[in-house]
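*Asks:* Questions regarding the structure given below will be posed in turn.
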Amino acid sequence: MRPRLKPKPQADAPVVASLDEFARAKLAELERAHLRRSLVDTTRSESLWATRDGRRLLSFSCNDYLNLAQHPAVKDAAIAAIRRHGVGAGASRLVTGNHPLLGELEARLARLKETEAACVFGSGYLANTGIIPALVGGEDLVLVDELAHACLWAGARLARGTVLAFRHNDVGHAETLLAEHRGRHRHVLIATEGVFSMDGDLAPLDELGTLAARFDAWLMSDDAHGLGVIGNGRGSTFATGEKAGVALQMGTLSKAIGSYGAYLCASRPVIDLIHNRARTLIYSTGLPAALAAAAIAALDLIEREPAYAARPLAKAQAFTQMAGLPPAQSPIVPVMIGSAEAALKASRLLLEEGFLAVAIRPPTVREGTARLRLSFSALHPDVEIARLADIVRTRILAR
Ligand SMILES: Cc1ncc(COP(=O)(O)O)c(C=O)c1O
């Protein structure tokens with residue numbers, strides 16, 4: 001007898017009705033609060049311009065600060081690596097995914113950051129959620145700047161120790177917390193961003209480094225937005241010209257470097273421990289060789305042309321001066337709006353003027369602090385920056 005086939009489910013029939021109901025209710029809640037997000041097809045075939053719904057828009061929302069994602073030398077390096085080595089890494093780095101280009105990239109990053117060693121991860125999120133739990137555990141304390149990126153928070157929570165927030169860039173508050181709690185914990189890690197991704201300000205890494213040394217705490221900075229554009233391209237650890245006491249220099253290759261992936265630069269024993277303990281390194285496929293090749297080509301360009309690396313910050317500063325905003329400290333400039341609804345409206349206004357400036361809303365930023373987060377790149381034309389500043393000053397901030 002032929003086995004009886006189960007009736008095929010209709011493509012649009014809910015598999016689990018309660019699950020779909022839950023998702024619809026949550027989405028409706030987000031919609032009511034102007035917080036629903038959706039994916040918009042965006043092509044960036046020219047580095048400054050983004051095409052959306054058939055419209056070519058000058059983008060102030062990309063982190064490609066040095067326009068290297070479209071640089072011929074960077075693209076050629078990636079293409080050549082794909083031709084030779086293929087696309088995917090095929091396995092975790094601890095199995096067969098440890099292509100020699102990753103080691104070459106690590107040596108370059110360690111040299112740039114003046115550390116003994118480096119370890120490349122698949123992405124920034126993977127790096128932060130791997131590094132912190134590899135170094136601290138249940139008996140330990142993690143102090144996190146309250147505005148630090150979601151993946152630093154995720155890493156801190158995964159470590160399963162005590163996690164406390166210190167007020168944004170407030171070294172005095174971090175000191176008070178250390179004085180009160182240090183004695184109860186075996187180890188303490190202080191996590192912050194070098195350049196704050198949604199606010200554009202720099203962390204006081206020098207002071208935090210001194211504080212960390214006083215309390216035998218380990219300072220970790222996430223310099224996703226500093227590498228390539230701050231401190232002569234060497235990142236925010238070098239913002240003052242001197243190297244700050246940051247034991248754990250983490251960053252990404254996906255912003256100014258124009259590629260993808262992330263790194264930790266630290267001492268040799270720390271990196272050896274990361275190889276043995278960071279679960280997001282051990283249990284995740286290695287970064288493809290082509291992305292490492294692209295990052296090496298980008299680092300070559302940055303080292304050769306430090307004046308070019310200084311341009312995004314100079315453009316951001318020209319903008320803040322013309323718009324009547326506090327001077328930019330990095331290529332990121334927040335234009336504070338307040339409500340999510342008003343931020344969406346401001347973003348639409350700029351869209352009508354041919355600018356892409358995506359509204360940043362909670363939970364990425366705090367309730368009541370929705371904003372336009374503008375990012376400036378080396379190649380943004382000055383006349384367009386002036387036009388944007390004029391619109392922001394007269395039609396967005398003057399309201
Ligand atoms: C400060 C910061 N850290 C980490 C990340 C995550 O990096 P990735 O995109 O490589 O996962 C980002 C943004 O993407 C970031 O802005």
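In the structure tokens, chains take the letters A, B, ... in the order shown, each chain's residues start at 1, and ligands count up from 1 in the order shown.
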For the interface of chain A with ligand 1 (cut-off 9 Å, counting only C-alpha atoms and all ligand atoms), please tabulate each contacting residue of chain A alongside its nearest pair of atoms and their separation in Å to one decimal, rows sorted by chain and increasing number, as a Markdown table.
*Replies:*
| residue | atom | partner | partner_atom_place_in_ligand_line | distance |
| --- | --- | --- | --- | --- |
| A:Asn63 | CA | ligand 1 | 14 (O) | 8.8 |
| A:Phe121 | CA | ligand 1 | 10 (O) | 8.8 |
| A:Gly122 | CA | ligand 1 | 10 (O) | 7.5 |
| A:Ser123 | CA | ligand 1 | 10 (O) | 3.8 |
| A:Gly124 | CA | ligand 1 | 7 (O) | 3.3 |
| A:Tyr125 | CA | ligand 1 | 11 (O) | 3.9 |
| A:Leu126 | CA | ligand 1 | 11 (O) | 6.5 |
| A:Ala127 | CA | ligand 1 | 11 (O) | 7.9 |
| A:Asn128 | CA | ligand 1 | 4 (C) | 7.3 |
| A:Ala148 | CA | ligand 1 | 1 (C) | 7.2 |
| A:His149 | CA | ligand 1 | 1 (C) | 5.2 |
| A:Ala150 | CA | ligand 1 | 3 (N) | 7.7 |
| A:Cys151 | CA | ligand 1 | 4 (C) | 6.2 |
| A:Leu152 | CA | ligand 1 | 3 (N) | 7.3 |
| A:Thr192 | CA | ligand 1 | 1 (C) | 8.8 |
| A:Glu193 | CA | ligand 1 | 1 (C) | 6.0 |
| A:Gly194 | CA | ligand 1 | 1 (C) | 8.0 |
| A:Val195 | CA | ligand 1 | 1 (C) | 7.4 |
| A:Phe196 | CA | ligand 1 | 1 (C) | 6.5 |
| A:Ser197 | CA | ligand 1 | 16 (O) | 4.9 |
| A:Met198 | CA | ligand 1 | 16 (O) | 7.8 |
| A:Asp222 | CA | ligand 1 | 1 (C) | 5.8 |
| A:Asp223 | CA | ligand 1 | 1 (C) | 6.4 |
| A:Ala224 | CA | ligand 1 | 1 (C) | 4.9 |
| A:His225 | CA | ligand 1 | 1 (C) | 6.4 |
| A:Met250 | CA | ligand 1 | 3 (N) | 8.6 |
| A:Gly251 | CA | ligand 1 | 3 (N) | 7.0 |
| A:Thr252 | CA | ligand 1 | 10 (O) | 5.4 |
| A:Leu253 | CA | ligand 1 | 10 (O) | 6.9 |
| A:Ser254 | CA | ligand 1 | 10 (O) | 5.7 |
| A:Lys255 | CA | ligand 1 | 14 (O) | 7.9 |
| A:Tyr260 | CA | ligand 1 | 10 (O) | 6.2 |
| A:Gly261 | CA | ligand 1 | 10 (O) | 5.3 |
| A:Ala262 | CA | ligand 1 | 10 (O) | 5.9 |
*Asks:* With N, CA and C atoms retained, write the just-selected residues as a compact mmCIF listing (two decimals), in the first residue's frame.
*Replies:*
# COMPACT_ATOMS: atom_id res chain seq x y z
N ASN A 63 29.15 54.31 7.01
CA ASN A 63 30.36 54.37 7.84
C ASN A 63 31.63 54.20 7.01
N PHE A 121 38.35 38.54 14.05
CA PHE A 121 37.06 37.87 14.22
C PHE A 121 36.20 38.07 12.97
N GLY A 122 35.08 37.35 12.91
CA GLY A 122 34.17 37.44 11.77
C GLY A 122 33.43 38.75 11.68
N SER A 123 33.17 39.40 12.82
CA SER A 123 32.49 40.71 12.82
C SER A 123 32.70 41.35 14.18
N GLY A 124 32.30 42.61 14.27
CA GLY A 124 32.43 43.33 15.53
C GLY A 124 31.53 42.74 16.61
N TYR A 125 30.32 42.39 16.21
CA TYR A 125 29.39 41.82 17.19
C TYR A 125 29.96 40.51 17.74
N LEU A 126 30.51 39.69 16.83
CA LEU A 126 31.12 38.43 17.27
C LEU A 126 32.32 38.68 18.17
N ALA A 127 33.10 39.71 17.85
CA ALA A 127 34.29 40.00 18.65
C ALA A 127 33.88 40.35 20.08
N ASN A 128 32.99 41.30 20.23
CA ASN A 128 32.64 41.76 21.58
C ASN A 128 31.92 40.69 22.40
N ALA A 148 27.49 52.75 25.56
CA ALA A 148 28.30 51.83 24.73
C ALA A 148 27.41 51.00 23.81
N HIS A 149 28.00 50.54 22.74
CA HIS A 149 27.28 49.79 21.70
C HIS A 149 26.62 48.52 22.26
N ALA A 150 25.51 48.17 21.64
CA ALA A 150 24.72 47.00 22.08
C ALA A 150 25.58 45.74 22.21
N CYS A 151 26.58 45.57 21.34
CA CYS A 151 27.33 44.29 21.41
C CYS A 151 28.34 44.29 22.56
N LEU A 152 28.75 45.46 23.05
CA LEU A 152 29.57 45.47 24.28
C LEU A 152 28.70 45.05 25.45
N THR A 192 34.33 50.46 26.95
CA THR A 192 33.80 51.70 26.40
C THR A 192 34.05 51.73 24.89
N GLU A 193 33.51 52.75 24.24
CA GLU A 193 33.80 52.93 22.81
C GLU A 193 34.86 54.01 22.69
N GLY A 194 35.74 53.90 21.71
CA GLY A 194 36.75 54.94 21.47
C GLY A 194 36.08 56.18 20.91
N VAL A 195 35.27 55.96 19.87
CA VAL A 195 34.43 57.00 19.28
C VAL A 195 33.00 56.49 19.42
N PHE A 196 32.13 57.25 20.05
CA PHE A 196 30.77 56.76 20.27
C PHE A 196 29.97 56.80 18.97
N SER A 197 29.42 55.64 18.64
CA SER A 197 28.87 55.46 17.29
C SER A 197 27.64 56.31 17.02
N MET A 198 26.88 56.66 18.04
CA MET A 198 25.67 57.45 17.81
C MET A 198 25.82 58.89 18.26
N ASP A 222 36.25 49.81 22.21
CA ASP A 222 35.74 49.40 20.90
C ASP A 222 35.94 50.59 19.98
N ASP A 223 36.88 50.46 19.06
CA ASP A 223 37.25 51.59 18.21
C ASP A 223 36.73 51.42 16.78
N ALA A 224 35.54 50.84 16.68
CA ALA A 224 34.94 50.61 15.35
C ALA A 224 34.98 51.88 14.51
N HIS A 225 34.71 53.03 15.15
CA HIS A 225 34.60 54.28 14.38
C HIS A 225 35.84 55.15 14.49
N MET A 250 39.90 46.80 20.72
CA MET A 250 39.05 46.09 19.76
C MET A 250 38.60 47.09 18.69
N GLY A 251 38.31 46.63 17.51
CA GLY A 251 37.77 47.51 16.47
C GLY A 251 37.22 46.68 15.33
N THR A 252 36.66 47.35 14.34
CA THR A 252 36.09 46.61 13.22
C THR A 252 36.77 47.01 11.91
N LEU A 253 36.59 46.16 10.93
CA LEU A 253 37.17 46.41 9.59
C LEU A 253 36.08 46.87 8.63
N SER A 254 34.90 47.14 9.18
CA SER A 254 33.72 47.38 8.33
C SER A 254 33.40 48.86 8.15
N LYS A 255 34.14 49.73 8.82
CA LYS A 255 33.82 51.16 8.69
C LYS A 255 34.87 51.81 7.79
N TYR A 260 35.06 44.04 6.03
CA TYR A 260 34.18 43.43 7.03
C TYR A 260 35.04 42.62 7.98
N GLY A 261 34.56 42.41 9.18
CA GLY A 261 35.33 41.67 10.17
C GLY A 261 35.74 42.58 11.31
N ALA A 262 36.48 42.02 12.27
CA ALA A 262 36.87 42.81 13.44
C ALA A 262 38.16 42.24 14.02
*Asks:* Enumerate, as a list in words, the complete set of residues in range 160-324 of chain A that a backbone-based DSSP assignment places in strand (DSSP E).
*Replies:*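 Those in range 160-324 of chain A that DSSP calls strand (DSSP E) are Thr162, Val163, Leu164, Ala165, Phe166, Val188, Leu189, Ile190, Ala191, Thr192, Glu193, Trp218, Leu219, Met220, Ser221, Asp222, Leu248, Gln249, Met250, Gly251, Thr252, Ala262, Tyr263, Leu264, Cys265 and Ala266 of chain A.
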*Asks:* Give the alpha helix (DSSP H) residues of range 20-126 of chain A, as DSSP finds them on the backbone, and put them as a compact mmCIF listing (two decimals) with N, CA, C and O atoms, in the first residue's frame.
*Replies:*
# COMPACT_ATOMS: atom_id res chain seq x y z
N ASP A 20 2.45 33.82 14.93
CA ASP A 20 2.17 34.93 14.01
C ASP A 20 1.38 36.04 14.71
O ASP A 20 1.63 37.22 14.49
N GLU A 21 0.44 35.62 15.56
CA GLU A 21 -0.33 36.64 16.31
C GLU A 21 0.60 37.47 17.19
O GLU A 21 0.48 38.69 17.26
N PHE A 22 1.54 36.78 17.85
CA PHE A 22 2.50 37.48 18.71
C PHE A 22 3.30 38.49 17.88
O PHE A 22 3.44 39.65 18.25
N ALA A 23 3.80 38.03 16.72
CA ALA A 23 4.63 38.91 15.88
C ALA A 23 3.82 40.11 15.40
O ALA A 23 4.30 41.25 15.45
N ARG A 24 2.56 39.85 14.97
CA ARG A 24 1.72 40.97 14.47
C ARG A 24 1.45 41.99 15.57
O ARG A 24 1.51 43.19 15.34
N ALA A 25 1.16 41.50 16.77
CA ALA A 25 0.86 42.42 17.88
C ALA A 25 2.08 43.27 18.21
O ALA A 25 1.98 44.48 18.44
N LYS A 26 3.24 42.65 18.23
CA LYS A 26 4.48 43.39 18.53
C LYS A 26 4.74 44.45 17.46
O LYS A 26 5.13 45.59 17.76
N LEU A 27 4.54 44.06 16.21
CA LEU A 27 4.78 45.01 15.11
C LEU A 27 3.81 46.18 15.19
O LEU A 27 4.19 47.33 14.95
N ALA A 28 2.55 45.90 15.55
CA ALA A 28 1.57 46.98 15.64
C ALA A 28 1.97 47.96 16.75
O ALA A 28 1.84 49.18 16.61
N GLU A 29 2.49 47.40 17.85
CA GLU A 29 2.97 48.23 18.96
C GLU A 29 4.10 49.16 18.48
O GLU A 29 4.11 50.36 18.78
N LEU A 30 5.03 48.59 17.74
CA LEU A 30 6.16 49.39 17.23
C LEU A 30 5.67 50.46 16.26
O LEU A 30 6.12 51.60 16.28
N GLU A 31 4.71 50.08 15.42
CA GLU A 31 4.16 51.01 14.43
C GLU A 31 3.54 52.22 15.14
O GLU A 31 3.80 53.37 14.77
N ARG A 32 2.75 51.94 16.20
CA ARG A 32 2.09 53.02 16.95
C ARG A 32 3.10 53.98 17.55
O ARG A 32 2.89 55.18 17.64
N PRO A 72 39.51 51.20 -6.01
CA PRO A 72 39.97 50.16 -6.95
C PRO A 72 41.00 49.22 -6.34
O PRO A 72 40.93 48.00 -6.55
N ALA A 73 41.95 49.74 -5.56
CA ALA A 73 43.00 48.86 -5.00
C ALA A 73 42.41 47.88 -3.99
O ALA A 73 42.85 46.72 -3.90
N VAL A 74 41.41 48.35 -3.23
CA VAL A 74 40.79 47.49 -2.21
C VAL A 74 39.95 46.40 -2.92
O VAL A 74 40.02 45.21 -2.57
N LYS A 75 39.20 46.83 -3.93
CA LYS A 75 38.37 45.86 -4.66
C LYS A 75 39.25 44.84 -5.39
O LYS A 75 38.97 43.64 -5.37
N ASP A 76 40.33 45.33 -6.01
CA ASP A 76 41.22 44.41 -6.75
C ASP A 76 41.83 43.37 -5.81
O ASP A 76 41.95 42.20 -6.18
N ALA A 77 42.19 43.81 -4.61
CA ALA A 77 42.80 42.88 -3.65
C ALA A 77 41.78 41.78 -3.29
O ALA A 77 42.13 40.60 -3.22
N ALA A 78 40.53 42.19 -3.08
CA ALA A 78 39.50 41.20 -2.71
C ALA A 78 39.23 40.25 -3.89
O ALA A 78 39.12 39.03 -3.71
N ILE A 79 39.15 40.83 -5.09
CA ILE A 79 38.85 39.99 -6.27
C ILE A 79 39.98 38.99 -6.52
O ILE A 79 39.75 37.80 -6.75
N ALA A 80 41.22 39.47 -6.41
CA ALA A 80 42.36 38.57 -6.62
C ALA A 80 42.35 37.45 -5.59
O ALA A 80 42.62 36.28 -5.92
N ALA A 81 42.01 37.79 -4.35
CA ALA A 81 41.99 36.76 -3.29
C ALA A 81 40.87 35.75 -3.55
O ALA A 81 41.05 34.54 -3.35
N ILE A 82 39.73 36.22 -4.02
CA ILE A 82 38.64 35.28 -4.32
C ILE A 82 39.07 34.35 -5.47
O ILE A 82 38.85 33.14 -5.42
N ARG A 83 39.72 34.93 -6.48
CA ARG A 83 40.16 34.08 -7.61
C ARG A 83 41.10 32.98 -7.13
O ARG A 83 41.01 31.84 -7.57
N ARG A 84 42.00 33.34 -6.21
CA ARG A 84 43.00 32.35 -5.77
C ARG A 84 42.45 31.41 -4.71
O ARG A 84 42.72 30.22 -4.72
N HIS A 85 41.70 32.00 -3.77
CA HIS A 85 41.37 31.20 -2.58
C HIS A 85 39.89 30.84 -2.46
O HIS A 85 39.51 30.16 -1.51
N PRO A 100 46.47 32.10 5.74
CA PRO A 100 47.63 32.93 6.10
C PRO A 100 47.38 34.44 5.97
O PRO A 100 48.03 35.24 6.65
N LEU A 101 46.43 34.85 5.12
CA LEU A 101 46.15 36.29 5.01
C LEU A 101 45.61 36.85 6.33
O LEU A 101 45.79 38.04 6.62
N LEU A 102 44.96 36.01 7.13
CA LEU A 102 44.47 36.49 8.43
C LEU A 102 45.65 36.80 9.34
O LEU A 102 45.65 37.81 10.05
N GLY A 103 46.66 35.94 9.30
CA GLY A 103 47.86 36.18 10.10
C GLY A 103 48.59 37.44 9.63
O GLY A 103 49.09 38.23 10.46
N GLU A 104 48.61 37.64 8.32
CA GLU A 104 49.27 38.85 7.79
C GLU A 104 48.53 40.11 8.25
O GLU A 104 49.14 41.09 8.69
N LEU A 105 47.20 40.04 8.19
CA LEU A 105 46.39 41.17 8.65
C LEU A 105 46.61 41.42 10.15
O LEU A 105 46.75 42.57 10.60
N GLU A 106 46.66 40.36 10.91
CA GLU A 106 46.87 40.50 12.37
C GLU A 106 48.21 41.15 12.68
O GLU A 106 48.30 42.01 13.57
N ALA A 107 49.23 40.76 11.93
CA ALA A 107 50.56 41.36 12.16
C ALA A 107 50.51 42.87 11.85
O ALA A 107 51.07 43.69 12.59
N ARG A 108 49.78 43.23 10.80
CA ARG A 108 49.65 44.65 10.44
C ARG A 108 48.92 45.43 11.53
O ARG A 108 49.30 46.53 11.92
N LEU A 109 47.84 44.83 12.03
CA LEU A 109 47.03 45.52 13.05
C LEU A 109 47.82 45.66 14.35
O LEU A 109 47.79 46.73 14.99
N ALA A 110 48.54 44.62 14.72
CA ALA A 110 49.32 44.67 15.97
C ALA A 110 50.40 45.75 15.86
O ALA A 110 50.63 46.50 16.81
N ARG A 111 51.00 45.86 14.69
CA ARG A 111 52.04 46.88 14.50
C ARG A 111 51.42 48.28 14.61
O ARG A 111 51.93 49.15 15.30
N LEU A 112 50.29 48.45 13.95
CA LEU A 112 49.61 49.75 13.96
C LEU A 112 49.21 50.16 15.37
O LEU A 112 49.29 51.33 15.75
N LYS A 113 48.77 49.19 16.15
CA LYS A 113 48.24 49.47 17.49
C LYS A 113 49.29 49.31 18.59
O LYS A 113 48.96 49.40 19.78
N GLY A 124 32.30 42.61 14.27
CA GLY A 124 32.43 43.33 15.53
C GLY A 124 31.53 42.74 16.61
O GLY A 124 31.92 42.65 17.77
N TYR A 125 30.32 42.39 16.21
CA TYR A 125 29.39 41.82 17.19
C TYR A 125 29.96 40.51 17.74
O TYR A 125 29.93 40.23 18.94
N LEU A 126 30.51 39.69 16.83
CA LEU A 126 31.12 38.43 17.27
C LEU A 126 32.32 38.68 18.17
O LEU A 126 32.55 37.96 19.14
*Asks:* Compile the contact shell of Ala398 in chain A as a list in words: residues with an atom at most 12 Å away, counting only C-alpha atoms, same-chain residues fewer than 2 positions apart removed.
*Replies:*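 The filter keeps Ala323, Gly324, Val335, Met336, Ile337, Ala346, Asp390, Ile391, Val392, Arg393, Thr394, Arg395 and Ile396 of chain A.
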*Asks:* Taking only C-alpha atoms into account, which of A:Ser377, A:Asn232, A:Ser47, A:Ser18 comes nearest Phe319 in chain A?
*Replies:*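 Nearest to Phe319 in chain A: A:Ser377.
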*Asks:* Could you list, as a list of chain:residue names, every residue within 8 Å of range 312-315 of chain A, counting only C-alpha atoms and ignoring same-chain residues fewer than 5 positions away?
*Replies:*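 Counting only C-alpha atoms, the residues come to A:Tyr65, A:Leu66, A:Val229, A:Ile230, A:Ala328, A:Gln329, A:Ser330, A:Pro331, A:Phe376, A:Ser377, A:Ala378, A:Leu379, A:His380, A:Asp382, A:Ile385.
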*Asks:* Report, in Å to a single decimal, how far apart CA of Val120 in chain A and CA of Arg279 in chain A are.
*Replies:*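 It comes out at 13.4 Å.
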*Asks:* Report, in Å to a single decimal, how far apart CA of Ser375 in chain A and CA of Arg234 in chain A are.
*Replies:*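 Separating CA of Arg234 in chain A from CA of Ser375 in chain A is a distance of 18.9 Å.
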*Asks:* So that I can see what lies close to Ile190 in chain A, please list as an mmCIF file with all heavy atoms, in the first residue's frame the residues with an atom at most 8 Å from it, counting only C-alpha atoms and leaving out residues fewer than 3 positions away in the same chain.
*Replies:*
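Full text of out.cif as output:
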data_model
loop_
_atom_site.group_PDB
_atom_site.id
_atom_site.type_symbol
_atom_site.label_atom_id
_atom_site.label_comp_id
_atom_site.auth_asym_id
_atom_site.auth_seq_id
_atom_site.Cartn_x
_atom_site.Cartn_y
_atom_site.Cartn_z
ATOM 1 N N VAL A 142 32.026 43.876 35.328
ATOM 2 C CA VAL A 142 32.240 44.600 34.081
ATOM 3 C C VAL A 142 31.574 45.964 34.237
ATOM 4 O O VAL A 142 30.379 46.051 34.521
ATOM 5 C CB VAL A 142 31.644 43.865 32.856
ATOM 6 C CG1 VAL A 142 32.058 44.572 31.567
ATOM 7 C CG2 VAL A 142 32.096 42.414 32.802
ATOM 8 N N LEU A 143 32.362 47.018 34.070
ATOM 9 C CA LEU A 143 31.820 48.388 34.081
ATOM 10 C C LEU A 143 31.695 48.821 32.633
ATOM 11 O O LEU A 143 32.668 48.753 31.878
ATOM 12 C CB LEU A 143 32.786 49.350 34.772
ATOM 13 C CG LEU A 143 32.933 49.335 36.278
ATOM 14 C CD1 LEU A 143 33.809 50.504 36.721
ATOM 15 C CD2 LEU A 143 31.573 49.438 36.950
ATOM 16 N N VAL A 144 30.516 49.288 32.251
ATOM 17 C CA VAL A 144 30.279 49.630 30.846
ATOM 18 C C VAL A 144 29.768 51.061 30.763
ATOM 19 O O VAL A 144 28.859 51.435 31.527
ATOM 20 C CB VAL A 144 29.225 48.678 30.217
ATOM 21 C CG1 VAL A 144 29.126 48.893 28.710
ATOM 22 C CG2 VAL A 144 29.538 47.224 30.512
ATOM 23 N N ALA A 212 42.059 52.696 35.368
ATOM 24 C CA ALA A 212 42.103 51.224 35.317
ATOM 25 C C ALA A 212 43.382 50.722 35.987
ATOM 26 O O ALA A 212 43.340 49.766 36.781
ATOM 27 C CB ALA A 212 42.027 50.757 33.861
ATOM 28 N N ALA A 217 42.283 47.226 36.943
ATOM 29 C CA ALA A 217 41.163 46.842 36.079
ATOM 30 C C ALA A 217 41.679 46.808 34.635
ATOM 31 O O ALA A 217 42.714 47.394 34.328
ATOM 32 C CB ALA A 217 40.028 47.855 36.209
ATOM 33 N N TRP A 218 40.960 46.116 33.756
ATOM 34 C CA TRP A 218 41.400 45.965 32.369
ATOM 35 C C TRP A 218 40.526 46.853 31.480
ATOM 36 O O TRP A 218 39.314 46.645 31.398
ATOM 37 C CB TRP A 218 41.255 44.510 31.930
ATOM 38 C CG TRP A 218 41.902 43.519 32.871
ATOM 39 C CD1 TRP A 218 42.981 43.739 33.686
ATOM 40 C CD2 TRP A 218 41.490 42.173 33.095
ATOM 41 N NE1 TRP A 218 43.280 42.609 34.388
ATOM 42 C CE2 TRP A 218 42.395 41.627 34.048
ATOM 43 C CE3 TRP A 218 40.480 41.362 32.586
ATOM 44 C CZ2 TRP A 218 42.285 40.315 34.494
ATOM 45 C CZ3 TRP A 218 40.383 40.057 33.022
ATOM 46 C CH2 TRP A 218 41.272 39.546 33.970
ATOM 47 N N LEU A 219 41.153 47.792 30.817
ATOM 48 C CA LEU A 219 40.372 48.705 29.961
ATOM 49 C C LEU A 219 40.261 48.142 28.551
ATOM 50 O O LEU A 219 41.263 47.784 27.926
ATOM 51 C CB LEU A 219 41.036 50.092 29.934
ATOM 52 C CG LEU A 219 40.355 51.145 29.047
ATOM 53 C CD1 LEU A 219 38.899 51.385 29.481
ATOM 54 C CD2 LEU A 219 41.134 52.469 29.081
ATOM 55 N N MET A 220 39.021 48.093 28.064
ATOM 56 C CA MET A 220 38.761 47.629 26.691
ATOM 57 C C MET A 220 38.054 48.733 25.932
ATOM 58 O O MET A 220 37.055 49.269 26.402
ATOM 59 C CB MET A 220 37.859 46.390 26.743
ATOM 60 C CG MET A 220 37.367 45.957 25.377
ATOM 61 S SD MET A 220 36.499 44.376 25.500
ATOM 62 C CE MET A 220 35.964 44.169 23.812
#
*Asks:* Find the residues around Gly88 in chain A up to 12 Å (only C-alpha atoms counted), leave out those fewer than 6 positions away in its own chain, and share them as number ranges by chain.
*Replies:* A: 81-82, 96-99, 122, 285-292
